[in-house]
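Novice: For reference, the structure I am asking about is given below.
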Amino acid sequence: MPHYRYLIIGGGMAADAAGRGIRELDPDGSLGLVGAEPDPPYARPPLSKALWKGEPLESVWRKTAEAGVELHLSRTIKELDLKGKRVRDEQGGEYSFDKLLLATGGTPRRLGFGGDEVIYFRTLEDYRRLRALAQPGKSFAVIGGGFIGSEIAAALAMQRCRVTMFFPDAGIGARLFPADLAGFLNGYYTEHGAEPRPGVSVTGLRKSGSGMVVETGSGDAVTVDAVVAGIGITPNTGLAEAAGLRVENGIVVDQHLMTSHPDVFAAGDVARFAAPALGTTLRVEHEDNALTMGRAAGRAMAGDTEPYTHLPFFYSDLFELGYEAVGEMDPRGKVVADWKEPFREGVVYYLSGGRVRGALLWNTWGQVDAARALIAEPGPFEEKDLVGRIGS
Ligand SMILES: Cc1cc2nc3c(=O)[nH]c(=O)nc-3n(C[C@H](O)[C@H](O)[C@H](O)COP(=O)(O)OP(=O)(O)OC[C@H]3O[C@@H](n4cnc5c(N)ncnc54)[C@H](O)[C@@H]3O)c2cc1C
């Protein structure tokens, strides 16, 4: 049984960043990583963006092994024995540890129908499968109008595929963006060759020849060549729960990214952490969080005592529009939009109790720290205090 001073479960971006964080403080301690995917750690954001715009596949690799991390791939850890400080994979392989990191990420939510015909877009394997299908003229149903749905719809439309998007909300990205911006995006996607069907839920999928028929709540049946879904993820907390660690929609960690066991840490999409700037806890499913928290968790495992106080940002691209965003964005609350050019460039502020809780920097770059500083201010803010505040 291999024994590691540091053992990482999970083979994603948080895992890679943690390995590097450990190496910053401990160049020699034995360090192993067990990952369920056959591929070594890679960047996920390019799977729905850069790779469709001509970036080579090789650009995604994180080169984790070069940082002195021993990789055990295509292995899924099924049991965590906290008392014996060991884990066991599905093939019976065992690994013991001094310090353990859970960086198990999330698994796509599935529809109750359609089986494996549906591509639930998450992994490099999913990218390879979709890319092989995405020939010009082929037709796709994209289920979901959030991050993954909107990016995949744009990627497929750029390949000159025919794309129909189905989502229950009134507009693309409606759970984050104010209603007028989400409504604008419906028209913008139409202009760019993807057809949104807002307010439409998919109620069934059936095979028809080599394609699929999409059945909707509004009684339509749409035949397509293939179906892709992006309807969210659930955090992979099963191992932690079974081992008795504290889990609350995410593995709960303290400010040193330690779980309720002192030798076990967690980071990335799976972890629930304190965000002092917002006075709450968060579980964040974005790259900056995976990288920054992963690195900090690795450093903490190697003895760093710096508390983790980072407020992560996230970003996305929608054809030639793009944004960065930070904090909590709930469009059901008070929103102040400060457009330089309506829906093309500007900043949207999300407020609660007179404080800025989040900011959407729409085609506005290099302002994430300014937004963080605003979120840290006690306020109270009114519309006139915010107009022109960032990005002008
Ligand atoms: C297509 C796509 C595009 C994205 N684009 C953006 C973007 O533009 N901007 C942005 O901010 N964020 C983006 N994200 C989100 C970002 O990529 C994720 O937040 C980040 O990758 C999470 O990393 P993670 O390591 O925490 O989890 P994951 O990436 O989920 O990695 C977890 C890994 O652990 C493995 N694993 C799970 N359980 C076990 C087990 N028991 N044993 C062994 N291995 C296990 C999994 O197989 C997986 O490989 C995107 C995500 C996707 C899928």
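The chains in the structure tokens are called A, B, ... from first to last as shown; in each chain the residues are counted from 1, and the ligands are counted from 1 in the order shown.
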Got a sec to check which residues lie within 7 Å of ligand 1, using only C-alpha atoms and all ligand atoms, and send them as number ranges by chain?
Specialist: A: 9-15, 34-37, 43-48, 75-78, 103-107, 121-123, 148, 236, 239, 267-270, 285-290, 313-317
Novice: Which residue gives the smallest distance to A:Ala141 among A:Arg355, A:Arg86, A:Arg160, A:Arg197, with only C-alpha atoms counted?
Specialist: A:Arg197
Novice: Stretch 57-65 of chain A: which residues within 7 Å, counting only C-alpha atoms, same-chain residues fewer than 3 positions away excluded, as number ranges by chain?
Specialist: A: 16, 41-43, 51, 68-71
Novice: Using the chain letters and numbers from this document, which residues of stretch 61-228 of chain A does DSSP assign to alpha helix (DSSP H), as a ChimeraX atom specification?
Specialist: /A:124-133,147-158,179-191
Novice: Deliver the residues from the most recent selection as a file, using N, CA and C atoms, as a tab-separated table (two decimals), in the first residue's frame.
Specialist:
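Once everything was written out, this is part-v1.tsv:
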chain	number	residue	atom	x	y	z
A	124	LEU	N	-13.32	16.34	-20.43
A	124	LEU	CA	-12.61	16.32	-21.72
A	124	LEU	C	-13.19	15.21	-22.61
A	125	GLU	N	-13.57	14.10	-22.00
A	125	GLU	CA	-14.20	13.02	-22.76
A	125	GLU	C	-15.50	13.51	-23.39
A	126	ASP	N	-16.29	14.31	-22.66
A	126	ASP	CA	-17.53	14.88	-23.22
A	126	ASP	C	-17.19	15.80	-24.39
A	127	TYR	N	-16.12	16.60	-24.24
A	127	TYR	CA	-15.71	17.49	-25.33
A	127	TYR	C	-15.38	16.67	-26.58
A	128	ARG	N	-14.58	15.60	-26.39
A	128	ARG	CA	-14.18	14.78	-27.55
A	128	ARG	C	-15.42	14.22	-28.25
A	129	ARG	N	-16.39	13.77	-27.44
A	129	ARG	CA	-17.60	13.16	-28.01
A	129	ARG	C	-18.41	14.20	-28.79
A	130	LEU	N	-18.57	15.39	-28.19
A	130	LEU	CA	-19.38	16.43	-28.84
A	130	LEU	C	-18.67	16.96	-30.08
A	131	ARG	N	-17.37	17.13	-29.96
A	131	ARG	CA	-16.60	17.69	-31.08
A	131	ARG	C	-16.72	16.80	-32.32
A	132	ALA	N	-16.70	15.49	-32.10
A	132	ALA	CA	-16.80	14.55	-33.22
A	132	ALA	C	-18.18	14.65	-33.89
A	133	LEU	N	-19.20	15.02	-33.13
A	133	LEU	CA	-20.56	15.12	-33.68
A	133	LEU	C	-20.82	16.46	-34.35
A	147	PHE	N	-24.69	28.77	-17.46
A	147	PHE	CA	-23.31	28.88	-17.94
A	147	PHE	C	-22.99	27.90	-19.06
A	148	ILE	N	-23.20	26.62	-18.77
A	148	ILE	CA	-22.76	25.59	-19.71
A	148	ILE	C	-23.64	25.63	-20.96
A	149	GLY	N	-24.96	25.71	-20.77
A	149	GLY	CA	-25.86	25.75	-21.93
A	149	GLY	C	-25.54	26.91	-22.84
A	150	SER	N	-25.34	28.11	-22.28
A	150	SER	CA	-25.13	29.29	-23.13
A	150	SER	C	-23.78	29.21	-23.84
A	151	GLU	N	-22.76	28.67	-23.17
A	151	GLU	CA	-21.44	28.58	-23.83
A	151	GLU	C	-21.44	27.49	-24.91
A	152	ILE	N	-22.05	26.35	-24.62
A	152	ILE	CA	-22.07	25.26	-25.61
A	152	ILE	C	-22.92	25.65	-26.83
A	153	ALA	N	-24.03	26.33	-26.58
A	153	ALA	CA	-24.87	26.77	-27.70
A	153	ALA	C	-24.06	27.69	-28.61
A	154	ALA	N	-23.29	28.62	-28.01
A	154	ALA	CA	-22.47	29.54	-28.81
A	154	ALA	C	-21.39	28.76	-29.56
A	155	ALA	N	-20.74	27.80	-28.87
A	155	ALA	CA	-19.67	27.03	-29.51
A	155	ALA	C	-20.21	26.27	-30.73
A	156	LEU	N	-21.38	25.65	-30.57
A	156	LEU	CA	-21.95	24.85	-31.67
A	156	LEU	C	-22.40	25.76	-32.81
A	157	ALA	N	-23.00	26.91	-32.47
A	157	ALA	CA	-23.44	27.83	-33.53
A	157	ALA	C	-22.23	28.32	-34.32
A	158	MET	N	-21.10	28.53	-33.63
A	158	MET	CA	-19.88	28.99	-34.32
A	158	MET	C	-19.33	27.92	-35.27
A	179	ALA	N	-33.58	41.01	-15.74
A	179	ALA	CA	-34.49	40.49	-16.77
A	179	ALA	C	-34.25	41.14	-18.14
A	180	ASP	N	-33.95	42.45	-18.17
A	180	ASP	CA	-33.80	43.09	-19.50
A	180	ASP	C	-32.55	42.58	-20.22
A	181	LEU	N	-31.47	42.31	-19.46
A	181	LEU	CA	-30.24	41.79	-20.07
A	181	LEU	C	-30.47	40.35	-20.56
A	182	ALA	N	-31.14	39.54	-19.74
A	182	ALA	CA	-31.41	38.15	-20.14
A	182	ALA	C	-32.31	38.13	-21.39
A	183	GLY	N	-33.26	39.06	-21.44
A	183	GLY	CA	-34.14	39.16	-22.62
A	183	GLY	C	-33.35	39.59	-23.86
A	184	PHE	N	-32.44	40.55	-23.67
A	184	PHE	CA	-31.57	40.98	-24.78
A	184	PHE	C	-30.78	39.78	-25.33
A	185	LEU	N	-30.28	38.94	-24.42
A	185	LEU	CA	-29.46	37.80	-24.86
A	185	LEU	C	-30.27	36.82	-25.73
A	186	ASN	N	-31.57	36.70	-25.47
A	186	ASN	CA	-32.38	35.83	-26.35
A	186	ASN	C	-32.28	36.31	-27.80
A	187	GLY	N	-32.43	37.63	-28.00
A	187	GLY	CA	-32.36	38.17	-29.36
A	187	GLY	C	-30.94	38.09	-29.92
A	188	TYR	N	-29.97	38.33	-29.06
A	188	TYR	CA	-28.55	38.30	-29.47
A	188	TYR	C	-28.17	36.88	-29.94
A	189	TYR	N	-28.61	35.87	-29.22
A	189	TYR	CA	-28.33	34.49	-29.63
A	189	TYR	C	-29.02	34.17	-30.95
A	190	THR	N	-30.24	34.65	-31.11
A	190	THR	CA	-30.97	34.41	-32.37
A	190	THR	C	-30.17	35.00	-33.54
A	191	GLU	N	-29.68	36.24	-33.34
A	191	GLU	CA	-28.88	36.89	-34.41
A	191	GLU	C	-27.62	36.10	-34.74
Novice: Could you pull the residues within 10 Å of stretch 209-222 of chain A, counting only C-alpha atoms, minus those fewer than 6 positions along the same chain, as a ChimeraX atom specification?
Specialist: /A:114,117-118,139-141,143,164,166,168,199-203
Novice: So which residues of stretch 119-279 of chain A fall under strand (DSSP E or B) by DSSP, listed as a PyMOL selection string?
Specialist: chain A and resi 119-120+139-143+162-167+194-198+202-208+211-216+221-224+226-229+233-235+247+251-252+258+264-266+271-275
Novice: Name the residues in contact with A:Arg88 at a cut-off of 9 Å, using only C-alpha atoms, excluding same-chain residues fewer than 4 positions from it; report them as a compact mmCIF listing (two decimals) with all heavy atoms, in the first residue's frame.
Specialist:
# COMPACT_ATOMS: atom_id res chain seq x y z
N THR A 76 -11.31 5.43 -8.76
CA THR A 76 -12.30 6.17 -7.98
C THR A 76 -12.25 5.71 -6.54
O THR A 76 -12.38 4.51 -6.26
CB THR A 76 -13.72 5.91 -8.55
OG1 THR A 76 -13.72 6.26 -9.93
CG2 THR A 76 -14.76 6.73 -7.81
N ILE A 77 -12.02 6.64 -5.65
CA ILE A 77 -11.99 6.28 -4.22
C ILE A 77 -13.42 6.04 -3.74
O ILE A 77 -14.31 6.86 -3.93
CB ILE A 77 -11.32 7.41 -3.39
CG1 ILE A 77 -9.86 7.58 -3.82
CG2 ILE A 77 -11.42 7.11 -1.89
CD1 ILE A 77 -8.97 6.36 -3.65
N LYS A 78 -13.60 4.89 -3.13
CA LYS A 78 -14.94 4.49 -2.68
C LYS A 78 -15.08 4.53 -1.16
O LYS A 78 -16.19 4.57 -0.64
CB LYS A 78 -15.24 3.04 -3.15
CG LYS A 78 -15.36 2.92 -4.66
CD LYS A 78 -16.65 3.57 -5.12
CE LYS A 78 -16.91 3.35 -6.59
NZ LYS A 78 -18.00 4.18 -7.10
N GLU A 79 -13.96 4.42 -0.44
CA GLU A 79 -14.04 4.39 1.02
C GLU A 79 -12.97 5.27 1.63
O GLU A 79 -11.82 5.27 1.17
CB GLU A 79 -13.74 2.97 1.53
CG GLU A 79 -14.92 2.02 1.46
CD GLU A 79 -14.41 0.63 1.84
OE1 GLU A 79 -13.76 0.49 2.92
OE2 GLU A 79 -14.63 -0.29 1.03
N LEU A 80 -13.35 5.98 2.65
CA LEU A 80 -12.41 6.81 3.42
C LEU A 80 -12.46 6.35 4.87
O LEU A 80 -13.51 6.46 5.51
CB LEU A 80 -12.80 8.29 3.28
CG LEU A 80 -12.22 9.28 4.27
CD1 LEU A 80 -10.70 9.24 4.30
CD2 LEU A 80 -12.69 10.71 3.93
N ASP A 81 -11.33 5.82 5.35
CA ASP A 81 -11.24 5.35 6.74
C ASP A 81 -10.43 6.39 7.51
O ASP A 81 -9.19 6.43 7.40
CB ASP A 81 -10.56 3.96 6.73
CG ASP A 81 -10.15 3.50 8.12
OD1 ASP A 81 -10.49 4.18 9.11
OD2 ASP A 81 -9.48 2.45 8.20
N GLY A 92 -9.87 -2.03 -5.32
CA GLY A 92 -9.30 -2.62 -4.09
C GLY A 92 -7.96 -2.02 -3.72
O GLY A 92 -7.39 -2.40 -2.69
N GLY A 93 -7.45 -1.08 -4.53
CA GLY A 93 -6.16 -0.44 -4.20
C GLY A 93 -6.31 0.45 -2.97
O GLY A 93 -7.30 1.17 -2.84
N GLU A 94 -5.30 0.39 -2.09
CA GLU A 94 -5.36 1.22 -0.87
C GLU A 94 -4.19 2.19 -0.84
O GLU A 94 -3.11 1.89 -1.37
CB GLU A 94 -5.31 0.32 0.37
CG GLU A 94 -6.56 -0.53 0.52
CD GLU A 94 -6.70 -1.11 1.91
OE1 GLU A 94 -5.68 -1.19 2.63
OE2 GLU A 94 -7.84 -1.47 2.27
N TYR A 95 -4.42 3.34 -0.22
CA TYR A 95 -3.41 4.39 -0.11
C TYR A 95 -3.57 4.97 1.30
O TYR A 95 -4.70 5.27 1.72
CB TYR A 95 -3.66 5.53 -1.11
CG TYR A 95 -4.07 5.06 -2.51
CD1 TYR A 95 -5.36 4.58 -2.76
CD2 TYR A 95 -3.17 5.11 -3.56
CE1 TYR A 95 -5.73 4.15 -4.03
CE2 TYR A 95 -3.53 4.69 -4.84
CZ TYR A 95 -4.82 4.21 -5.06
OH TYR A 95 -5.19 3.79 -6.31
N SER A 96 -2.45 5.13 2.00
CA SER A 96 -2.56 5.75 3.32
C SER A 96 -1.93 7.16 3.27
O SER A 96 -1.18 7.47 2.34
CB SER A 96 -1.88 4.89 4.39
OG SER A 96 -0.53 4.68 4.04
Novice: What does the structure give for the distance between atom CA of A:Gly354 and atom CA of A:Arg175, in Å to one decimal?
Specialist: 21.1 Å
Novice: Give me the residues within 9 Å of stretch 344-346 of chain A as number ranges by chain, counting only C-alpha atoms and dropping any in the same chain fewer than 4 places off.
Specialist: A: 321, 337-340, 360-364, 390-392
Novice: How far is it from atom CA of A:Gly145 to atom CA of A:Gln159, in Å with one decimal?
Specialist: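 Going from atom CA of A:Gly145 over to atom CA of A:Gln159 covers 18.9 Å.
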Novice: From the list A:Pro262, A:Ala297, A:Gly327, A:Glu320, which residue is nearest A:Asp369 when using only C-alpha atoms?
Specialist: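 Smallest distance to A:Asp369 is found for A:Gly327.
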Novice: Pick from A:Leu176, A:Val387, A:Ala296, A:Val224: nearest to A:Ala325, with only C-alpha atoms counted?
Specialist: A:Leu176
Novice: Of the candidates A:Phe177, A:Pro235, A:Pro198, A:Gly193, which shows the shortest atom-to-atom distance to A:Val348, using only C-alpha atoms?
Specialist: A:Phe177
